[in-house]
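Here the structure is laid out as structure tokens; the discussion comes afterwards.
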Amino acid sequence: MDNIISAISTLTSDQDPHSPLCAYIYDLQQLKSHASAMVNALPSNCELYYAAKANPEAEVLEALAPIVQGFEAASGGELNWLHECQPQVPLIFGGPGKLMSELSQAIDLNIDAIHVESLTELRRILLLCQQKQRHCRILLRMNIALEGIEETRLTMGGKPTPFGIDVCELDSAIDLLRQQPRLSNQPLVELVGFHFHLMSHQLDVDRHLALMALYFSTFNTWCQQYDLNLSLLNVGGGIGVNYADPQQVFDWSRFCIELEQLITKMHMNKVKIRFECGRFVTAAMGYYVMQVLDIKKNHGQWFAIGHGGTHHFRTPAAQDHNHPFFILNQDVLAANKQGCSSTTASTLNDVNTPTLNNQQVTLVGQLCTPKDVLAKQQYVQKLAVGDYLVFTHAGAYAWNISHQHFLMHAAPKRLFM
Ligand SMILES: *Cc1c(COP(=O)(O)O)cnc(C)c1O
């Protein structure tokens, strides 16, 4: 809270009094300690990659580079960006519909592994490696049945989806790999393991452990069945954030302790187990701040209109939830600035504006669409024009998933603490 107050003070110190605040604040220190704690808790044969699509800001990548084992790219654009920003960090590349040019780029960059999403993609990689006479490592991304596993709000597998290879095509995939021409008795395209990412928004430790157990048993069965000697299992990301109750945090350390026991029990100690998490790594370190422009009552309900909206911060609209927030009253900020009052707030309040006391209010942005809602019917103790709405957990799938050009509003300020 104190660091957010000081960040807002910094952002407003040179502010044009006619331009109220709208900003993303990222706490890189918080990010680094959280990511370090995640890595340190992992069992010894496990490693953490960061799924960059959650938040690919250069500053975020720089903060994470010394902590995580590598980055996951989900497009050729990301692959280029990640390589440009942190050329020394190992990369992996997944996602459906990869272009030939993107596969070629991945092979040329000699990345750690390509995650193969279909037989067609496998054939393209085999062709490219033969043409180039270059080696590459792959994982087969598989879509397996999820019998007995509880689904989350966002499940990408165990049912018809565009993600991963159907189990009934695994025979053909293994055949294609075995039939490929070899270079000095080495396969050009080397199968190093399997990849699973079947669920996102996972909030339950036991359910996630059950999912891991399913991945481990499937991995072991296939290694035996196809007589494969594989060194790597990518178990995806998908650890969730409870936006409805952010105090309820996925207990990563208990998960890791029980994971270690599961690894021993299921004889997975010799296999490298790789996580590729996005949301859980970066969500909590981001804050989206809107200064309140207007407060009005309409058909019996109160609305507070903030400077900004879902064109900057689509997360609540995309997830259809009330986003967690707190209010920073302008007088608290003014007090923090040691006597110098907030000129923007006084400009906003130069006409008579309503103040809410102990009311329900819907927090919206400036867009001309009823979907521009960040939180509905929220109880507030006190809210006035000029106050700051601080939305927490805005560090993942936030700015970069938003339709930033809609209505041509200015971009938010950005501050990396
Ligand atoms: C998006 C994605 C991730 C990261 O998911 P989170 O829910 O953000 O942890 C990991 N792997 C794949 C294949 C993905 O598409």
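Following the order of the structure tokens, first chain is A, next is B, and so on, with residues numbered from 1 inside each chain and ligands from 1 in the order they appear.
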For chain A versus ligand 1, which residues have an atom no more than 8 Å away, and what is each residue's nearest atom pair and distance in Å rounded to one decimal, using only C-alpha atoms and all ligand atoms, chain-then-number order, as a tab-separated table?
```
residue	atom	partner	partner_atom_place_in_ligand_line	distance
A:Tyr50	CA	ligand 1	4 (C)	7.8
A:Ala51	CA	ligand 1	4 (C)	5.1
A:Ala52	CA	ligand 1	4 (C)	8.0
A:Lys53	CA	ligand 1	1 (C)	6.6
A:Ala54	CA	ligand 1	8 (O)	5.6
A:Glu72	CA	ligand 1	11 (N)	7.5
A:Ala74	CA	ligand 1	15 (O)	6.8
A:Gly94	CA	ligand 1	13 (C)	5.8
A:Gly95	CA	ligand 1	13 (C)	6.1
A:Phe196	CA	ligand 1	13 (C)	7.7
A:His197	CA	ligand 1	13 (C)	5.5
A:Met199	CA	ligand 1	7 (O)	7.4
A:Ser200	CA	ligand 1	7 (O)	4.4
A:His201	CA	ligand 1	7 (O)	6.0
A:Gln202	CA	ligand 1	7 (O)	7.9
A:Gly236	CA	ligand 1	11 (N)	4.6
A:Gly237	CA	ligand 1	9 (O)	3.7
A:Gly238	CA	ligand 1	7 (O)	3.3
A:Ile239	CA	ligand 1	9 (O)	5.3
A:Gly240	CA	ligand 1	7 (O)	6.4
A:Glu276	CA	ligand 1	10 (C)	5.1
A:Cys277	CA	ligand 1	9 (O)	3.7
A:Gly278	CA	ligand 1	8 (O)	3.4
A:Arg279	CA	ligand 1	8 (O)	3.8
A:Phe280	CA	ligand 1	9 (O)	6.0
A:Val281	CA	ligand 1	9 (O)	7.7
A:Ala396	CA	ligand 1	8 (O)	7.6
A:Tyr397	CA	ligand 1	8 (O)	7.9
```
So that I can check the surroundings of Leu214 of chain A, please list as a PyMOL selection string every protein, DNA and RNA residue that reaches within 10 Å of it, counting only C-alpha atoms and ignoring chain neighbours fewer than 6 positions away. chain A and resi 144-149+208+220
Counting only C-alpha atoms, the residue among A:Thr282, A:Asn358, A:Gln130, A:Thr344 that lies closest to Met38 of chain A is A:Thr282
Give the helix (DSSP H, G or I) residues of segment 207-264 of chain A, as assigned by DSSP on the backbone, as a JSON list (two decimals) with N, CA and C atoms, in the first residue's frame.
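Heads up, here's the output in result29.json:
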```
[["chain", "number", "residue", "atom", "x", "y", "z"],
["A", 207, "ARG", "N", -6.43, -30.77, -6.70],
["A", 207, "ARG", "CA", -6.81, -31.07, -8.09],
["A", 207, "ARG", "C", -5.62, -30.95, -9.03],
["A", 208, "HIS", "N", -4.77, -29.97, -8.74],
["A", 208, "HIS", "CA", -3.60, -29.83, -9.63],
["A", 208, "HIS", "C", -2.63, -31.00, -9.44],
["A", 209, "LEU", "N", -2.53, -31.49, -8.21],
["A", 209, "LEU", "CA", -1.68, -32.67, -7.97],
["A", 209, "LEU", "C", -2.26, -33.89, -8.69],
["A", 210, "ALA", "N", -3.59, -34.01, -8.69],
["A", 210, "ALA", "CA", -4.23, -35.12, -9.40],
["A", 210, "ALA", "C", -3.93, -35.03, -10.90],
["A", 211, "LEU", "N", -3.92, -33.80, -11.42],
["A", 211, "LEU", "CA", -3.59, -33.60, -12.83],
["A", 211, "LEU", "C", -2.13, -34.00, -13.10],
["A", 212, "MET", "N", -1.23, -33.62, -12.18],
["A", 212, "MET", "CA", 0.19, -34.00, -12.33],
["A", 212, "MET", "C", 0.33, -35.52, -12.33],
["A", 213, "ALA", "N", -0.41, -36.19, -11.44],
["A", 213, "ALA", "CA", -0.35, -37.65, -11.35],
["A", 213, "ALA", "C", -0.79, -38.28, -12.68],
["A", 214, "LEU", "N", -1.82, -37.69, -13.28],
["A", 214, "LEU", "CA", -2.29, -38.20, -14.58],
["A", 214, "LEU", "C", -1.20, -38.00, -15.65],
["A", 215, "TYR", "N", -0.56, -36.82, -15.65],
["A", 215, "TYR", "CA", 0.52, -36.56, -16.61],
["A", 215, "TYR", "C", 1.66, -37.58, -16.42],
["A", 216, "PHE", "N", 2.04, -37.82, -15.14],
["A", 216, "PHE", "CA", 3.16, -38.72, -14.86],
["A", 216, "PHE", "C", 2.83, -40.13, -15.34],
["A", 217, "SER", "N", 1.63, -40.60, -15.02],
["A", 217, "SER", "CA", 1.31, -41.99, -15.40],
["A", 217, "SER", "C", 1.22, -42.12, -16.92],
["A", 218, "THR", "N", 0.69, -41.09, -17.58],
["A", 218, "THR", "CA", 0.60, -41.13, -19.04],
["A", 218, "THR", "C", 2.01, -41.15, -19.65],
["A", 219, "PHE", "N", 2.86, -40.30, -19.11],
["A", 219, "PHE", "CA", 4.26, -40.22, -19.57],
["A", 219, "PHE", "C", 4.94, -41.59, -19.43],
["A", 220, "ASN", "N", 4.80, -42.20, -18.26],
["A", 220, "ASN", "CA", 5.44, -43.50, -18.01],
["A", 220, "ASN", "C", 4.89, -44.59, -18.92],
["A", 221, "THR", "N", 3.56, -44.58, -19.10],
["A", 221, "THR", "CA", 2.93, -45.59, -19.97],
["A", 221, "THR", "C", 3.47, -45.48, -21.40],
["A", 222, "TRP", "N", 3.53, -44.26, -21.92],
["A", 222, "TRP", "CA", 3.99, -44.09, -23.30],
["A", 222, "TRP", "C", 5.47, -44.45, -23.45],
["A", 223, "CYS", "N", 6.28, -44.08, -22.45],
["A", 223, "CYS", "CA", 7.71, -44.41, -22.54],
["A", 223, "CYS", "C", 7.88, -45.92, -22.66],
["A", 224, "GLN", "N", 7.08, -46.67, -21.89],
["A", 224, "GLN", "CA", 7.15, -48.13, -21.94],
["A", 224, "GLN", "C", 6.60, -48.66, -23.25],
["A", 225, "GLN", "N", 5.40, -48.18, -23.58],
["A", 225, "GLN", "CA", 4.69, -48.68, -24.75],
["A", 225, "GLN", "C", 5.50, -48.48, -26.04],
["A", 252, "TRP", "N", 1.39, -22.62, -3.25],
["A", 252, "TRP", "CA", 2.47, -23.16, -4.09],
["A", 252, "TRP", "C", 3.44, -24.01, -3.26],
["A", 253, "SER", "N", 3.72, -23.58, -2.02],
["A", 253, "SER", "CA", 4.72, -24.36, -1.26],
["A", 253, "SER", "C", 4.16, -25.73, -0.86],
["A", 254, "ARG", "N", 2.89, -25.80, -0.47],
["A", 254, "ARG", "CA", 2.31, -27.13, -0.19],
["A", 254, "ARG", "C", 2.27, -27.96, -1.47],
["A", 255, "PHE", "N", 1.91, -27.33, -2.56],
["A", 255, "PHE", "CA", 1.89, -28.04, -3.83],
["A", 255, "PHE", "C", 3.26, -28.66, -4.11],
["A", 256, "CYS", "N", 4.32, -27.89, -3.89],
["A", 256, "CYS", "CA", 5.67, -28.38, -4.20],
["A", 256, "CYS", "C", 6.08, -29.52, -3.27],
["A", 257, "ILE", "N", 5.71, -29.41, -2.01],
["A", 257, "ILE", "CA", 6.05, -30.47, -1.05],
["A", 257, "ILE", "C", 5.38, -31.78, -1.47],
["A", 258, "GLU", "N", 4.10, -31.69, -1.80],
["A", 258, "GLU", "CA", 3.38, -32.91, -2.18],
["A", 258, "GLU", "C", 3.80, -33.40, -3.57],
["A", 259, "LEU", "N", 4.19, -32.46, -4.40],
["A", 259, "LEU", "CA", 4.68, -32.84, -5.73],
["A", 259, "LEU", "C", 5.93, -33.71, -5.61],
["A", 260, "GLU", "N", 6.80, -33.32, -4.68],
["A", 260, "GLU", "CA", 8.05, -34.08, -4.49],
["A", 260, "GLU", "C", 7.75, -35.53, -4.10],
["A", 261, "GLN", "N", 6.75, -35.70, -3.23],
["A", 261, "GLN", "CA", 6.37, -37.06, -2.82],
["A", 261, "GLN", "C", 5.80, -37.83, -4.02],
["A", 262, "LEU", "N", 5.01, -37.13, -4.81],
["A", 262, "LEU", "CA", 4.40, -37.76, -5.99],
["A", 262, "LEU", "C", 5.47, -38.19, -7.00],
["A", 263, "ILE", "N", 6.47, -37.34, -7.15],
["A", 263, "ILE", "CA", 7.57, -37.63, -8.08],
["A", 263, "ILE", "C", 8.28, -38.92, -7.67],
["A", 264, "THR", "N", 8.54, -39.05, -6.37],
["A", 264, "THR", "CA", 9.21, -40.26, -5.87],
["A", 264, "THR", "C", 8.31, -41.48, -6.05]]
```
Write out as JSON, numbers by chain all residues of segment 120-311 of chain A that backbone DSSP assigns to strand (DSSP E). {"A": [136, 137, 138, 139, 140, 141, 142, 143, 154, 155, 165, 166, 182, 183, 186, 187, 189, 190, 191, 192, 193, 194, 195, 199, 200, 232, 233, 234, 272, 273, 274, 275, 276, 277, 286, 287, 288, 289, 290, 291, 292, 293, 294, 295, 296, 297, 298, 301, 302, 303, 304, 305, 306]}
For Val60 of chain A, work out the shell of residues within 9 Å, counting only C-alpha atoms and skipping chain neighbours fewer than 6 positions away, then give it as a PyMOL selection string. chain A and resi 26+28+31+282+416
Looking at A:Ala73, A:Pro66, A:Asn45, A:Val205, which one is nearest to His267 of chain A, with distances taken over only C-alpha atoms? A:Asn45
Counting only C-alpha atoms, which residue out of A:Ser101, A:Thr355, A:Gln179, A:Gln131 sits closest to Val292 of chain A? A:Thr355
Using only C-alpha atoms, find the one residue out of A:Gln359, A:Gln366, A:Ser172, A:Gln377 that sits nearest to Leu407 of chain A. A:Gln366
Applying 12 Å and only C-alpha atoms, which residues near Arg314 of chain A remain after dropping the ones on its own chain fewer than 5 positions away? List them as a list in words. Tyr288, Gly308, Gly309, Gln319, Asp320, His321, Asn322, His323, Val364, Gly365, Leu367, Lys371, Asp372, Val373, Leu374, Ala375, Phe391, Ala394, Gly395, Ala396, Tyr397, Ala398, Trp399, Asn400, Ile401, Ser402, His403, Gln404 and Phe406 of chain A
Sort by chain and increasing residue number a table of all residues of segment 362-397 of chain A within 12 Å of segment 331-337 of chain A, each with its closest pair of atoms and their distance in Å to one decimal, counting only C-alpha atoms, and write it as a tab-separated table.
```
residue	atom	partner	partner_atom	distance
A:Lys382	CA	A:Asp331	CA	11.7
A:Leu383	CA	A:Asp331	CA	11.3
A:Ala384	CA	A:Asp331	CA	10.4
A:Val385	CA	A:Asp331	CA	11.7
A:Gly386	CA	A:Asp331	CA	9.6
A:Asp387	CA	A:Asp331	CA	8.4
A:Tyr388	CA	A:Leu333	CA	9.2
```
How would the residues just chosen look if you wrote them out with all heavy atoms as a tab-separated table (two decimals), in the first residue's frame?
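The file below, selection13.tsv, is the result:
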```
chain	number	residue	atom	x	y	z
A	382	LYS	N	-16.18	5.62	1.25
A	382	LYS	CA	-16.15	7.01	0.80
A	382	LYS	C	-15.48	7.06	-0.56
A	382	LYS	O	-14.41	6.48	-0.75
A	382	LYS	CB	-15.34	7.85	1.81
A	382	LYS	CG	-15.17	9.30	1.42
A	382	LYS	CD	-14.62	10.10	2.61
A	382	LYS	CE	-14.42	11.57	2.23
A	382	LYS	NZ	-13.19	11.79	1.44
A	383	LEU	N	-16.14	7.71	-1.49
A	383	LEU	CA	-15.55	7.86	-2.82
A	383	LEU	C	-15.96	9.21	-3.39
A	383	LEU	O	-17.16	9.54	-3.43
A	383	LEU	CB	-16.00	6.74	-3.76
A	383	LEU	CG	-15.36	6.75	-5.15
A	383	LEU	CD1	-13.86	6.45	-5.07
A	383	LEU	CD2	-16.02	5.73	-6.08
A	384	ALA	N	-14.96	9.98	-3.82
A	384	ALA	CA	-15.22	11.31	-4.38
A	384	ALA	C	-14.52	11.44	-5.72
A	384	ALA	O	-13.56	10.72	-6.02
A	384	ALA	CB	-14.72	12.38	-3.41
A	385	VAL	N	-14.99	12.37	-6.51
A	385	VAL	CA	-14.29	12.72	-7.75
A	385	VAL	C	-12.87	13.15	-7.38
A	385	VAL	O	-12.67	13.88	-6.40
A	385	VAL	CB	-15.05	13.85	-8.48
A	385	VAL	CG1	-14.22	14.42	-9.62
A	385	VAL	CG2	-16.39	13.33	-9.00
A	386	GLY	N	-11.89	12.64	-8.12
A	386	GLY	CA	-10.49	12.95	-7.81
A	386	GLY	C	-9.80	11.85	-7.01
A	386	GLY	O	-8.57	11.82	-6.94
A	387	ASP	N	-10.58	10.93	-6.42
A	387	ASP	CA	-9.98	9.80	-5.71
A	387	ASP	C	-9.39	8.80	-6.71
A	387	ASP	O	-9.73	8.83	-7.91
A	387	ASP	CB	-11.03	9.08	-4.84
A	387	ASP	CG	-11.37	9.89	-3.59
A	387	ASP	OD1	-10.61	10.82	-3.26
A	387	ASP	OD2	-12.40	9.58	-2.96
A	388	TYR	N	-8.55	7.91	-6.19
A	388	TYR	CA	-7.88	6.94	-7.06
A	388	TYR	C	-8.47	5.55	-6.85
A	388	TYR	O	-8.54	5.07	-5.71
A	388	TYR	CB	-6.38	6.91	-6.76
A	388	TYR	CG	-5.73	8.25	-6.98
A	388	TYR	CD1	-5.68	9.20	-5.94
A	388	TYR	CD2	-5.18	8.58	-8.21
A	388	TYR	CE1	-5.11	10.45	-6.15
A	388	TYR	CE2	-4.60	9.82	-8.42
A	388	TYR	CZ	-4.57	10.76	-7.39
A	388	TYR	OH	-4.01	11.98	-7.59
```
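The interatomic distance for the pair atom CA of Ala65 of chain A and atom CA of Asp27 of chain A works out to 15.8 Å.
With atom CA of Leu64 of chain A on one side and atom CA of Ser33 of chain A on the other, the separation reads 10.0 Å.
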Tell me, in Å to one decimal, how far atom CA of Tyr24 of chain A is from atom CA of Gly306 of chain A. 13.7 Å
My list of candidates is A:Val361, A:Met142, A:Val189, A:Ala58. Which is closest to Leu122 of chain A when distances are computed with only C-alpha atoms? A:Val189
Spatial neighbours of His307 of chain A, max dist 9 Å, only C-alpha atoms, sep filter under 6 positions, as a PyMOL selection string: chain A and resi 20-22+289-293+365-366
Limited to all heavy atoms, could you put the picked residues into a file as a compact mmCIF listing (two decimals), in the first residue's frame?
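Result file follows (out-v3.txt):
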```
# COMPACT_ATOMS: atom_id res chain seq x y z
N PRO A 20 -6.17 14.01 -15.35
CA PRO A 20 -6.17 13.12 -14.18
C PRO A 20 -5.39 11.84 -14.45
O PRO A 20 -5.13 11.48 -15.61
CB PRO A 20 -7.66 12.81 -14.00
CG PRO A 20 -8.40 13.78 -14.83
CD PRO A 20 -7.49 14.20 -15.93
N LEU A 21 -5.05 11.15 -13.39
CA LEU A 21 -4.14 10.00 -13.52
C LEU A 21 -4.83 8.78 -14.11
O LEU A 21 -5.99 8.46 -13.79
CB LEU A 21 -3.54 9.63 -12.15
CG LEU A 21 -2.46 8.56 -12.22
CD1 LEU A 21 -1.24 9.03 -12.98
CD2 LEU A 21 -2.06 8.10 -10.83
N CYS A 22 -4.09 8.09 -14.95
CA CYS A 22 -4.48 6.79 -15.48
C CYS A 22 -3.16 6.07 -15.70
O CYS A 22 -2.33 6.55 -16.48
CB CYS A 22 -5.22 6.99 -16.80
SG CYS A 22 -5.52 5.44 -17.63
N VAL A 289 -4.43 1.98 -12.17
CA VAL A 289 -4.97 3.09 -11.39
C VAL A 289 -5.76 4.05 -12.28
O VAL A 289 -5.27 4.49 -13.31
CB VAL A 289 -3.83 3.89 -10.72
CG1 VAL A 289 -4.40 4.96 -9.79
CG2 VAL A 289 -2.90 2.97 -9.96
N MET A 290 -7.00 4.33 -11.86
CA MET A 290 -7.82 5.32 -12.57
C MET A 290 -8.26 6.37 -11.55
O MET A 290 -8.77 6.03 -10.49
CB MET A 290 -9.11 4.69 -13.12
CG MET A 290 -8.95 3.54 -14.06
SD MET A 290 -10.49 3.25 -15.04
CE MET A 290 -11.65 2.79 -13.80
N GLN A 291 -8.10 7.62 -11.90
CA GLN A 291 -8.62 8.67 -11.05
C GLN A 291 -10.09 8.89 -11.43
O GLN A 291 -10.45 8.86 -12.62
CB GLN A 291 -7.81 9.96 -11.25
CG GLN A 291 -7.88 10.87 -10.06
CD GLN A 291 -6.83 11.98 -10.09
OE1 GLN A 291 -6.07 12.10 -11.06
NE2 GLN A 291 -6.80 12.77 -9.03
N VAL A 292 -10.94 9.09 -10.42
CA VAL A 292 -12.38 9.20 -10.68
C VAL A 292 -12.70 10.57 -11.30
O VAL A 292 -12.32 11.62 -10.77
CB VAL A 292 -13.19 9.01 -9.37
CG1 VAL A 292 -14.68 9.20 -9.64
CG2 VAL A 292 -12.92 7.62 -8.80
N LEU A 293 -13.38 10.53 -12.45
CA LEU A 293 -13.73 11.75 -13.19
C LEU A 293 -15.12 12.25 -12.85
O LEU A 293 -15.39 13.44 -12.87
CB LEU A 293 -13.69 11.47 -14.70
CG LEU A 293 -12.39 10.95 -15.29
CD1 LEU A 293 -12.59 10.61 -16.75
CD2 LEU A 293 -11.30 11.99 -15.12
N GLY A 365 -15.37 2.64 -17.00
CA GLY A 365 -14.40 3.48 -17.70
C GLY A 365 -15.09 4.47 -18.62
O GLY A 365 -16.30 4.72 -18.48
N GLN A 366 -14.33 4.98 -19.58
CA GLN A 366 -14.82 6.06 -20.43
C GLN A 366 -15.38 5.60 -21.77
O GLN A 366 -15.65 6.43 -22.63
CB GLN A 366 -13.66 7.02 -20.74
CG GLN A 366 -13.02 7.67 -19.54
CD GLN A 366 -11.76 8.38 -19.97
OE1 GLN A 366 -10.72 7.77 -20.16
NE2 GLN A 366 -11.85 9.69 -20.14
```
Tell me which protein, DNA and RNA residues are within 12 Å of Asp171 of chain A, counting only C-alpha atoms, leaving out same-chain ones fewer than 5 positions away, and put them as a PyMOL selection string. chain A and resi 119+140+165-166+176-178+222+225-226
If we count only C-alpha atoms, what is near Gln88 of chain A at a cut-off of 12 Å, once residues fewer than 6 positions away on the same chain are taken out, given as a PyMOL selection string? chain A and resi 61-62+65-66+69-71+82+109-112
Shortest contact to Gly77 of chain A, candidates A:Leu103, A:Ala63, A:Leu154, A:Ile327, atoms counted only C-alpha atoms, goes to A:Leu103
